[in-house]
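So this block is work-v4.txt, compact mmCIF, C-alpha atoms:
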# COMPACT_ATOMS: atom_id res chain seq x y z
CA MET P 1142 0.00 0.00 0.00
CA LEU P 1143 2.84 2.38 0.86
CA THR P 1144 4.52 1.58 -2.44
CA PHE P 1145 1.29 2.37 -4.25
CA LEU P 1146 0.94 5.69 -2.47
CA ALA P 1147 4.58 6.59 -3.08
CA LEU P 1148 3.90 6.50 -6.81
CA LYS P 1149 1.00 8.95 -6.55
CA PRO P 1150 1.27 12.74 -6.71
CA SER P 1151 2.09 14.35 -3.39
CA ASN P 1152 -0.86 15.85 -1.54
CA SER P 1153 -3.30 13.70 -3.51
CA GLN P 1154 -6.07 12.21 -1.42
CA TRP P 1155 -6.81 8.53 -1.05
CA VAL P 1156 -9.22 6.46 0.93
CA VAL P 1157 -7.84 3.53 2.88
CA GLN P 1158 -10.55 0.97 3.37
CA LYS P 1159 -10.64 -2.11 5.53
CA TYR P 1160 -10.83 -5.37 3.64
CA ILE P 1161 -13.66 -7.51 4.97
CA GLU P 1162 -12.01 -10.88 5.33
CA LYS P 1163 -15.09 -12.77 6.37
CA PRO P 1164 -17.92 -11.73 4.10
CA LEU P 1165 -21.19 -13.55 4.07
CA LEU P 1166 -20.93 -15.96 1.15
CA TYR P 1167 -23.61 -17.08 -1.22
CA ASN P 1168 -22.95 -20.74 -2.03
CA LYS P 1169 -19.26 -20.19 -1.16
CA ARG P 1170 -19.00 -17.18 -3.45
CA LYS P 1171 -18.68 -13.54 -2.50
CA PHE P 1172 -21.46 -11.10 -3.26
CA ASP P 1173 -22.35 -7.49 -2.63
CA ILE P 1174 -25.61 -5.60 -2.70
CA ARG P 1175 -26.45 -2.74 -5.02
CA VAL P 1176 -29.20 -0.29 -4.11
CA TRP P 1177 -30.23 2.92 -5.85
CA VAL P 1178 -30.47 6.26 -4.12
CA LEU P 1179 -31.96 9.41 -5.59
CA ILE P 1180 -30.95 12.80 -4.21
CA THR P 1181 -32.57 16.01 -5.35
CA ASN P 1182 -31.49 19.62 -5.11
CA LYS P 1183 -34.11 20.00 -2.39
CA ASN P 1184 -31.94 17.82 -0.19
CA GLU P 1185 -34.36 14.96 -0.39
CA VAL P 1186 -32.84 11.49 -0.18
CA PHE P 1187 -34.87 8.64 -1.64
CA PHE P 1188 -34.12 4.95 -1.25
CA TYR P 1189 -35.23 2.55 -3.98
CA LYS P 1190 -36.74 -0.53 -2.40
CA HIS P 1191 -35.66 -3.11 -4.95
CA GLY P 1192 -31.96 -3.70 -4.63
CA TYR P 1193 -30.19 -6.79 -5.84
CA MET P 1194 -27.23 -9.06 -5.16
CA ARG P 1195 -24.20 -9.13 -7.42
CA THR P 1196 -22.33 -12.38 -7.16
CA SER P 1197 -18.80 -13.45 -7.91
CA SER P 1198 -18.23 -16.30 -10.34
CA SER P 1199 -15.45 -17.90 -8.29
CA THR P 1200 -15.27 -19.69 -4.96
CA TYR P 1201 -14.14 -17.30 -2.24
CA ASP P 1202 -10.61 -17.76 -0.95
CA THR P 1203 -8.60 -15.05 0.78
CA GLN P 1204 -5.41 -16.53 -0.66
CA ASP P 1205 -6.74 -16.25 -4.20
CA LYS P 1206 -5.37 -13.11 -5.85
CA ASN P 1207 -7.81 -13.31 -8.73
CA ASN P 1208 -9.98 -10.19 -8.97
CA TYR P 1209 -12.92 -12.27 -10.17
CA THR P 1210 -12.98 -13.86 -6.73
CA HIS P 1211 -13.01 -10.65 -4.74
CA LEU P 1212 -14.69 -8.02 -6.88
CA THR P 1213 -18.31 -8.39 -7.85
CA ASN P 1214 -18.64 -5.35 -10.09
CA ASN P 1215 -20.62 -6.24 -13.15
CA CYS P 1216 -18.21 -4.35 -15.39
CA LEU P 1217 -15.46 -6.74 -14.23
CA GLN P 1218 -17.40 -9.99 -13.86
CA LYS P 1219 -18.88 -9.81 -17.34
CA HIS P 1220 -15.41 -10.40 -18.76
CA GLY P 1221 -14.88 -13.55 -16.68
CA ASN P 1222 -15.12 -17.04 -18.12
CA ASN P 1223 -17.74 -18.07 -15.58
CA TYR P 1224 -19.95 -15.03 -16.00
CA GLY P 1225 -23.56 -16.17 -15.84
CA ALA P 1226 -22.57 -19.75 -15.03
CA PHE P 1227 -24.34 -19.67 -11.68
CA GLU P 1228 -26.83 -16.82 -11.99
CA GLU P 1229 -28.06 -14.96 -15.02
CA GLY P 1230 -26.02 -11.78 -15.22
CA ASN P 1231 -24.49 -12.68 -11.85
CA THR P 1232 -27.40 -10.97 -10.14
CA LEU P 1233 -30.07 -12.19 -7.74
CA SER P 1234 -33.06 -10.56 -6.10
CA PHE P 1235 -33.48 -9.61 -2.46
CA GLN P 1236 -36.01 -12.41 -2.13
CA VAL P 1237 -33.36 -14.98 -3.03
CA LEU P 1238 -31.04 -13.43 -0.48
CA GLU P 1239 -33.69 -13.53 2.22
CA ASP P 1240 -34.48 -17.18 1.51
CA TYR P 1241 -30.79 -17.99 1.64
CA LEU P 1242 -30.32 -16.13 4.93
CA ARG P 1243 -33.21 -17.97 6.53
CA GLU P 1244 -31.66 -21.21 5.44
CA GLN P 1245 -28.22 -20.24 6.78
CA TYR P 1246 -29.45 -18.66 10.02
CA PRO P 1247 -32.50 -20.80 10.85
CA ASP P 1248 -32.63 -19.64 14.47
CA HIS P 1249 -32.86 -15.95 13.69
CA ASN P 1250 -35.74 -15.66 11.22
CA VAL P 1251 -33.79 -13.15 9.16
CA ASP P 1252 -35.91 -10.54 7.42
CA ILE P 1253 -34.15 -8.20 5.02
CA ASN P 1254 -36.56 -5.36 5.68
CA THR P 1255 -35.96 -5.62 9.41
CA HIS P 1256 -32.35 -6.68 9.68
CA LEU P 1257 -30.51 -5.29 6.67
CA ILE P 1258 -32.32 -2.44 4.94
CA PRO P 1259 -32.49 -0.13 7.99
CA ARG P 1260 -28.69 -0.30 8.16
CA PHE P 1261 -28.43 0.46 4.44
CA LYS P 1262 -30.50 3.58 5.06
CA ASP P 1263 -28.33 4.57 8.02
CA LEU P 1264 -25.18 4.41 5.94
CA ILE P 1265 -26.81 6.24 3.05
CA ILE P 1266 -27.84 9.10 5.35
CA ASP P 1267 -24.42 9.19 7.00
CA SER P 1268 -22.61 9.35 3.68
CA TYR P 1269 -25.01 11.96 2.36
CA LEU P 1270 -24.47 14.20 5.39
CA ALA P 1271 -20.72 13.75 5.09
CA TRP P 1272 -20.75 14.91 1.47
CA LYS P 1273 -23.73 17.26 1.43
CA LYS P 1274 -21.71 20.48 1.43
CA HIS P 1275 -19.95 19.45 -1.76
CA MET P 1276 -23.05 18.45 -3.66
CA ASN P 1277 -24.58 20.92 -6.08
CA PRO P 1278 -21.97 23.60 -5.35
CA LYS P 1279 -23.57 26.06 -7.77
CA ASN P 1280 -26.92 25.57 -6.06
CA ARG P 1281 -28.65 24.81 -9.32
CA LYS P 1282 -32.39 24.26 -9.27
CA ASN P 1283 -34.28 21.28 -10.61
CA VAL P 1284 -31.36 18.91 -10.60
CA PHE P 1285 -31.00 15.45 -9.18
CA GLU P 1286 -28.57 12.58 -9.15
CA LEU P 1287 -28.95 8.84 -8.97
CA PHE P 1288 -26.33 7.01 -6.94
CA GLY P 1289 -25.47 3.33 -6.83
CA TYR P 1290 -24.63 2.25 -3.29
CA ASP P 1291 -22.69 -0.98 -2.86
CA PHE P 1292 -22.90 -2.79 0.45
CA LEU P 1293 -21.24 -5.91 1.74
CA ILE P 1294 -22.64 -8.15 4.46
CA ASP P 1295 -20.22 -9.99 6.71
CA GLU P 1296 -20.73 -13.35 8.34
CA ASP P 1297 -22.18 -11.67 11.43
CA LEU P 1298 -24.72 -9.94 9.18
CA ARG P 1299 -23.15 -6.55 9.76
CA THR P 1300 -23.46 -4.20 6.79
CA TRP P 1301 -20.43 -2.41 5.38
CA LEU P 1302 -20.58 0.39 2.84
CA ILE P 1303 -18.16 -0.46 0.06
CA GLU P 1304 -18.56 2.45 -2.32
CA VAL P 1305 -20.94 5.03 -3.74
CA ASN P 1306 -21.06 5.24 -7.52
CA ILE P 1307 -22.13 8.10 -9.71
CA ASP P 1308 -20.91 6.81 -13.04
CA LEU P 1309 -23.96 4.66 -13.59
CA PHE P 1310 -25.50 3.69 -16.88
CA THR P 1311 -27.69 6.77 -16.52
CA GLN P 1312 -24.65 9.05 -16.14
CA LYS P 1313 -24.90 12.48 -14.50
CA TYR P 1314 -27.78 14.84 -15.24
CA MET Z 1110 -37.43 2.42 -11.59
CA VAL Z 1111 -36.90 5.14 -14.14
CA ASP Z 1112 -40.62 5.99 -14.16
CA ASP Z 1113 -40.60 6.27 -10.39
CA MET Z 1114 -37.46 8.39 -10.45
CA PHE Z 1115 -38.81 10.74 -13.11
CA GLU Z 1116 -42.04 11.09 -11.20
CA ILE Z 1117 -40.04 12.56 -8.32
CA ALA Z 1118 -37.35 14.47 -10.16
CA VAL Z 1119 -38.80 15.52 -13.51
CA ASP Z 1120 -42.59 15.50 -13.43
CA PRO Z 1121 -42.89 18.38 -10.93
CA VAL Z 1122 -40.92 20.55 -13.37
CA PHE Z 1123 -42.31 19.20 -16.62
CA PRO Z 1124 -45.76 17.77 -15.86
CA PRO Z 1125 -46.38 14.79 -18.13
CA LYS Z 1126 -49.29 14.94 -20.54
CA ASN Z 1127 -49.92 11.29 -19.86
CA PRO Z 1128 -49.11 10.34 -16.27
CA PRO Z 1129 -46.92 7.24 -16.45
CA ARG Z 1130 -48.66 5.35 -13.69
CA GLN Z 1131 -52.39 5.18 -13.27
CA ASP Z 1132 -52.53 1.72 -11.79
CA GLY Z 1133 -52.36 2.92 -8.20
CA ARG Z 1134 -48.99 1.28 -7.63
CA PRO Z 1135 -46.99 3.25 -5.07
CA ASN Z 1136 -43.71 4.86 -6.01
CA ASP Z 1137 -40.95 2.47 -4.96
CA PHE Z 1138 -38.63 5.28 -3.97
CA GLU Z 1139 -38.96 5.93 -0.24
CA LEU Z 1140 -38.08 9.30 1.25
CA ILE Z 1141 -35.57 8.56 4.00
CA TYR Z 1142 -34.13 12.01 4.66
CA CYS Z 1143 -35.14 15.64 4.14
CA GLU Z 1144 -34.39 18.58 6.35
CA HIS Z 1145 -37.23 20.98 5.70
CA GLY Z 1146 -40.05 18.86 4.48
CA SER Z 1147 -40.88 18.25 0.84
CA ALA Z 1148 -43.71 17.49 -1.50
CA TYR Z 1149 -43.58 13.98 -0.09
CA SER Z 1150 -43.56 14.93 3.56
CA ARG Z 1151 -44.61 18.11 5.29
CA ARG Z 1152 -42.27 17.40 8.14
CA PRO Z 1153 -38.53 16.77 8.10
CA VAL Z 1154 -37.68 13.12 7.66
CA ASN Z 1155 -34.72 11.24 9.04
CA VAL Z 1156 -35.05 7.48 9.38
CA ARG Z 1157 -31.57 6.96 10.73
CA THR Z 1158 -31.53 4.62 13.69
CA PRO Z 1159 -29.94 5.89 16.91
CA PHE Z 1160 -26.17 5.73 16.95
CA ALA Z 1161 -26.29 3.75 20.17
CA LYS Z 1162 -27.91 0.86 18.35
CA SER Z 1163 -25.57 -1.95 17.47
CA PRO Z 1164 -24.56 -2.28 13.81
CA TYR Z 1165 -25.14 -6.00 14.19
CA PRO Z 1166 -28.81 -6.71 13.40
CA ILE Z 1167 -28.88 -10.04 15.25
CA ALA Z 1168 -27.98 -9.62 18.90
CA GLU Z 1169 -26.56 -13.13 19.19
CA LEU Z 1170 -24.08 -12.36 16.40
CA ASP Z 1171 -22.92 -9.10 17.97
CA PRO Z 1172 -19.46 -9.66 19.47
CA SER Z 1173 -20.07 -7.07 22.17
CA THR Z 1174 -23.08 -8.97 23.50
CA GLN Z 1175 -20.84 -11.89 24.23
CA ILE Z 1176 -19.20 -9.74 26.85
CA ILE Z 1177 -22.60 -8.78 28.23
CA ASN Z 1178 -23.56 -12.42 28.39
CA PHE Z 1179 -20.38 -13.04 30.27
CA ILE Z 1180 -21.36 -10.52 32.93
CA SER Z 1181 -24.95 -11.58 33.22
CA GLN Z 1182 -24.42 -15.29 32.95
CA PRO Z 1183 -27.57 -16.61 34.64
CA ASP Z 1184 -26.07 -19.99 35.43
CA VAL Z 1185 -23.59 -18.53 37.87
CA LYS Z 1186 -24.96 -18.56 41.38
CA ALA Z 1187 -25.33 -15.13 42.94
CA SER Z 1188 -23.48 -16.23 46.06
CA VAL Z 1189 -20.50 -17.29 44.01
CA ILE Z 1190 -20.43 -13.97 42.18
CA GLU Z 1191 -20.69 -12.05 45.43
CA SER Z 1192 -17.85 -13.95 47.05
CA GLU Z 1193 -15.71 -13.55 43.97
CA ILE Z 1194 -16.38 -9.83 43.72
CA SER Z 1195 -15.45 -9.33 47.36
CA SER Z 1196 -12.25 -11.29 46.85
CA PRO Z 1197 -9.22 -9.23 45.91
CA VAL Z 1198 -7.90 -12.14 43.87
CA ARG Z 1199 -11.03 -12.57 41.78
CA VAL Z 1200 -9.13 -12.18 38.56
CA GLN Z 1201 -7.53 -15.53 39.18
CA SER Z 1202 -10.71 -17.35 39.92
CA ALA Z 1203 -12.15 -19.72 37.40
CA SER Z 1204 -15.54 -20.06 39.05
CA VAL Z 1205 -17.01 -16.84 37.68
CA GLU Z 1206 -15.75 -17.32 34.21
CA PRO Z 1207 -18.45 -17.72 31.62
CA ARG Z 1208 -19.64 -21.08 30.51
CA SER Z 1209 -20.20 -19.59 27.10
CA LEU Z 1210 -16.50 -19.02 26.65
CA ASN Z 1211 -14.77 -22.05 25.35
CA GLN Z 1212 -12.03 -23.85 27.18
CA ALA Z 1213 -9.25 -22.34 25.11
CA ARG Z 1214 -10.49 -18.85 25.80
CA ARG Z 1215 -10.66 -19.52 29.54
CA GLN Z 1216 -7.12 -20.76 29.53
CA SER Z 1217 -5.97 -17.76 27.54
CA LEU Z 1218 -7.11 -15.44 30.33
CA SER Z 1219 -4.46 -16.79 32.68
CA LEU Z 1220 -1.49 -14.51 33.19
CA GLU Z 1221 0.91 -17.03 31.67
CA SER Z 1222 -1.16 -17.25 28.52
CA ILE Z 1223 -1.58 -13.50 28.32
CA VAL Z 1224 2.17 -12.96 28.49
CA LYS Z 1225 2.72 -15.66 25.90
CA SER Z 1226 0.11 -14.31 23.52
CA LEU Z 1227 1.39 -10.76 23.81
CA GLN Z 1228 4.90 -11.85 22.98
CA SER Z 1229 3.67 -13.18 19.63
CA PRO Z 1230 2.36 -10.86 16.90
CA VAL Z 1231 -1.09 -9.56 17.83
CA HIS Z 1232 -3.66 -9.46 15.09
CA PHE Z 1233 -6.82 -7.41 15.33
CA ARG Z 1234 -8.97 -9.42 13.05
CA SER Z 1235 -12.29 -8.15 14.35
CA MET Z 1236 -14.02 -6.17 17.01
CA LEU Z 1237 -14.25 -9.39 18.99
CA ASP Z 1238 -10.48 -9.67 19.13
CA THR Z 1239 -10.18 -6.12 20.41
CA GLN Z 1240 -12.64 -6.84 23.16
CA PHE Z 1241 -10.89 -10.02 24.10
CA ILE Z 1242 -7.58 -8.18 24.37
CA SER Z 1243 -9.39 -5.62 26.50
CA MET Z 1244 -10.38 -8.45 28.81
CA GLN Z 1245 -6.78 -9.57 28.98
CA VAL Z 1246 -5.70 -6.02 29.83
CA ASN Z 1247 -8.31 -5.95 32.59
CA VAL Z 1248 -6.83 -9.11 34.07
CA VAL Z 1249 -3.34 -7.60 34.04
CA ILE Z 1250 -4.38 -4.26 35.53
CA SER Z 1251 -6.53 -5.95 38.17
CA THR Z 1252 -3.63 -8.15 39.16
CA LEU Z 1253 -1.37 -5.16 39.60
CA ILE Z 1254 -3.99 -3.26 41.58
CA ASN Z 1255 -4.31 -6.24 43.93
CA TRP Z 1256 -0.58 -6.85 44.10
CA GLU Z 1257 -0.55 -6.96 47.90
CA HIS Z 1258 -2.83 -9.99 47.97
CA LEU Z 1259 -1.19 -12.00 45.23
CA ASN Z 1260 1.91 -14.11 45.10
CA PRO Z 1261 5.03 -12.44 43.70
CA LYS Z 1262 5.10 -14.72 40.68
CA ASP Z 1263 1.71 -13.52 39.47
CA VAL Z 1264 2.68 -9.89 40.05
CA GLU Z 1265 5.84 -10.45 38.08
CA LEU Z 1266 3.87 -12.02 35.24
CA ALA Z 1267 1.45 -9.09 35.25
CA CYS Z 1268 4.39 -6.68 35.02
CA HIS Z 1269 5.77 -8.61 32.06
CA ALA Z 1270 2.34 -8.55 30.46
CA LEU Z 1271 1.98 -4.78 30.93
CA VAL Z 1272 5.37 -4.19 29.31
CA ALA Z 1273 4.42 -6.53 26.48
CA ILE Z 1274 1.11 -4.73 25.95
CA SER Z 1275 2.90 -1.42 25.61
CA ALA Z 1276 4.82 -2.87 22.67
CA THR Z 1277 1.73 -4.04 20.78
CA PRO Z 1278 -1.14 -2.31 18.99
CA ALA Z 1279 -3.20 -3.16 22.08
CA VAL Z 1280 -1.52 -0.25 23.87
CA PHE Z 1281 -4.44 1.98 22.94
CA ILE Z 1282 -6.61 -0.03 25.34
CA LEU Z 1283 -4.41 1.19 28.19
CA ALA Z 1284 -5.44 4.71 27.25
CA GLU Z 1285 -8.99 4.05 28.38
CA GLN Z 1286 -9.89 6.29 31.27
CA ARG Z 1287 -10.31 3.57 33.86
CA ASN Z 1288 -6.92 2.08 32.98
CA ILE Z 1289 -5.22 5.46 33.17
CA LEU Z 1290 -6.79 6.05 36.57
CA ASN Z 1291 -5.65 2.67 37.85
CA ILE Z 1292 -2.13 3.16 36.54
CA SER Z 1293 -2.02 6.63 38.11
CA LYS Z 1294 -3.03 5.12 41.44
CA LEU Z 1295 -0.22 2.60 41.17
CA LEU Z 1296 2.33 5.29 40.42
CA SER Z 1297 1.20 7.60 43.20
CA ASN Z 1298 1.07 4.89 45.87
CA ARG Z 1299 4.33 4.79 47.79
CA GLU Z 1300 3.64 1.26 48.98
CA VAL Z 1301 3.62 -0.15 45.47
CA LYS Z 1302 6.67 -2.20 44.59
CA THR Z 1303 9.30 -0.66 42.36
CA GLU Z 1304 8.99 -3.40 39.75
CA ILE Z 1305 5.31 -2.54 39.28
CA LYS Z 1306 6.07 1.15 38.95
CA LEU Z 1307 8.78 0.40 36.42
CA ALA Z 1308 6.33 -1.62 34.37
CA THR Z 1309 3.83 1.25 34.35
CA VAL Z 1310 6.58 3.74 33.53
CA SER Z 1311 7.50 1.50 30.63
CA TYR Z 1312 3.94 1.88 29.35
CA ASN Z 1313 3.92 5.65 29.88
CA SER Z 1314 7.17 6.11 28.06

Show me, as structure tokens, the structure contained in the file I just sent.
Amino acid sequence: MLTFLALKPSNSQWVVQKYIEKPLLYNKRKFDIRVWVLITNKNEVFFYKHGYMRTSSSTYDTQDKNNYTHLTNNCLQKHGNNYGAFEEGNTLSFQVLEDYLREQYPDHNVDINTHLIPRFKDLIIDSYLAWKKHMNPKNRKNVFELFGYDFLIDEDLRTWLIEVNIDLFTQKY
Amino acid sequence: MVDDMFEIAVDPVFPPKNPPRQDGRPNDFELIYCEHGSAYSRRPVNVRTPFAKSPYPIAELDPSTQIINFISQPDVKASVIESEISSPVRVQSASVEPRSLNQARRQSLSLESIVKSLQSPVHFRSMLDTQFISMQVNVVISTLINWEHLNPKDVELACHALVAISATPAVFILAEQRNILNISKLLSNREVKTEIKLATVSYNS
């Protein structure tokens, strides 16, 4: 990491992020969760209810250096040999995730709407408040932006915010 | 999704000639935050859960609750707890240790094991590890505080452990207020043995 930073321009800013070594796995493969968030110039934050899972095509192994094992971005996975081998488009619905969680944690009656989504909303609000001052700096009216929030669930069902994307298929407005 | 998004972001500015949804289906975007009210809520909205709430949605999977279970272990008889609390050497007792902790973990709370573990590289793999190290630190500090009632070998081990802690990433646990207070008491007490003071000075330096 220090070698990487040494090669970057001085005074440039970087985010150091903890690697989650023990993610919750879906059939031994890593996955993350993508949800959509709409923010308007009126400082309204909207959460889209229908997120989805994005799965890796390879069996998870911390010793495996292959990006296809660790990164679930669609733009990466679609170039892999196993893309679509397990799930169409390497994506699955929340309902599939909930069924899987109930199977894996039979004693806890896991409900996505109760146990996971409230935490997604918490992290969305926290990140919005952290960045609010820098959004819409020219205070333009009638503008909005759609964000793609990526979350990871660990084996204790704790939610981690991985990244917030703006370069979606819809691009910026 | 795009229809729902445009209904919020575009339609108020450019009202559609033909409303996209007339089937009564609700908009699937949910307002989760607004500071001054909006067309979707007269009042400010903030659905964030209190910060005091655990980030672990299932209490049994929350590492911090394992410590709480340890304290409130219902299987331990009250009389045993009381006698152990009143005993100055309670940190050495095995009778109040939690049944939920496995055998290896119980053994690792002995002074010998603490010293041994601190002499090997310490890895903070999770919050649970941090809390376990905190428990180890508590054992060491408690031993030093009760030095008068313990055998010299245990005190010596606790001193070694404190020095070892100061050389690991776990040193930040010593900066907790209660630990600082306890260490200050040790340093200011003239009766405390020199070896103990040296160990605490090693930490402070």

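Of the listed residues (P:Gly1192, P:Pro1278, P:Gly1230, P:Gly1225), P:Gly1192 comes nearest to chain Z; the distances count all atoms listed in the file.
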
For this session: Show me which bits of chain P are within 9 Å of chain Z, counting only C-alpha atoms, as a VMD selection string.
Result: chain P and resid 1162 1177 to 1181 1183 to 1191 1249 1251 1255 to 1257 1259 to 1260 1262 to 1264 1266 to 1267 1283 to 1285 1287 1296 to 1300

For this session: Tell me which protein, DNA and RNA residues are within 10 Å of Lys1225 of chain Z, counting all atoms listed in the file, leaving out same-chain ones fewer than 6 positions away, and put them as number ranges by chain.
Result: Z: 1217, 1219, 1269-1270, 1273

For this session: Would you list the residues near (5.3, -2.3, 29.0) (no more than 7 Å away, in the coordinates of the file, using only C-alpha atoms) as a VMD selection string?
Result: chain Z and resid 1271 to 1276 1308 to 1309 1311 to 1312

Exercise. Near Tyr1201 of chain P, counting only C-alpha atoms, which residues have an atom at most 8 Å away, once you skip same-chain residues fewer than 4 positions from it, shown as a PyMOL selection string?
Worked result: chain P and resi 1166+1169-1171+1205+1210-1211

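Straight-line separation from atom CA of Asp1173 of chain P to atom CA of Pro1135 of chain Z: 27.0 Å.
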
Exercise. Separation of atom CA of Ser1199 of chain P and atom CA of Gln1158 of chain P, in Å?
Worked result: 22.7 Å

Exercise. Rounded to one decimal in Å, what is the spacing between atom CA of Ser1151 of chain P and atom CA of Ser1268 of chain P?
Worked result: 26.2 Å

For this session: Tell me which protein, DNA and RNA residues are within 7 Å of Tyr1209 of chain P, counting all atoms listed in the file, leaving out same-chain ones fewer than 2 positions away, and put them as a PyMOL selection string.
Result: chain P and resi 1197-1199+1207+1211-1212+1218+1221

Problem set entry | Best match for closeness to Asn1168 of chain P among P:Leu1302, P:Pro1150, P:Glu1244, P:Asn1208, counting all atoms listed in the file |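 Smallest distance to Asn1168 of chain P is found for P:Glu1244.
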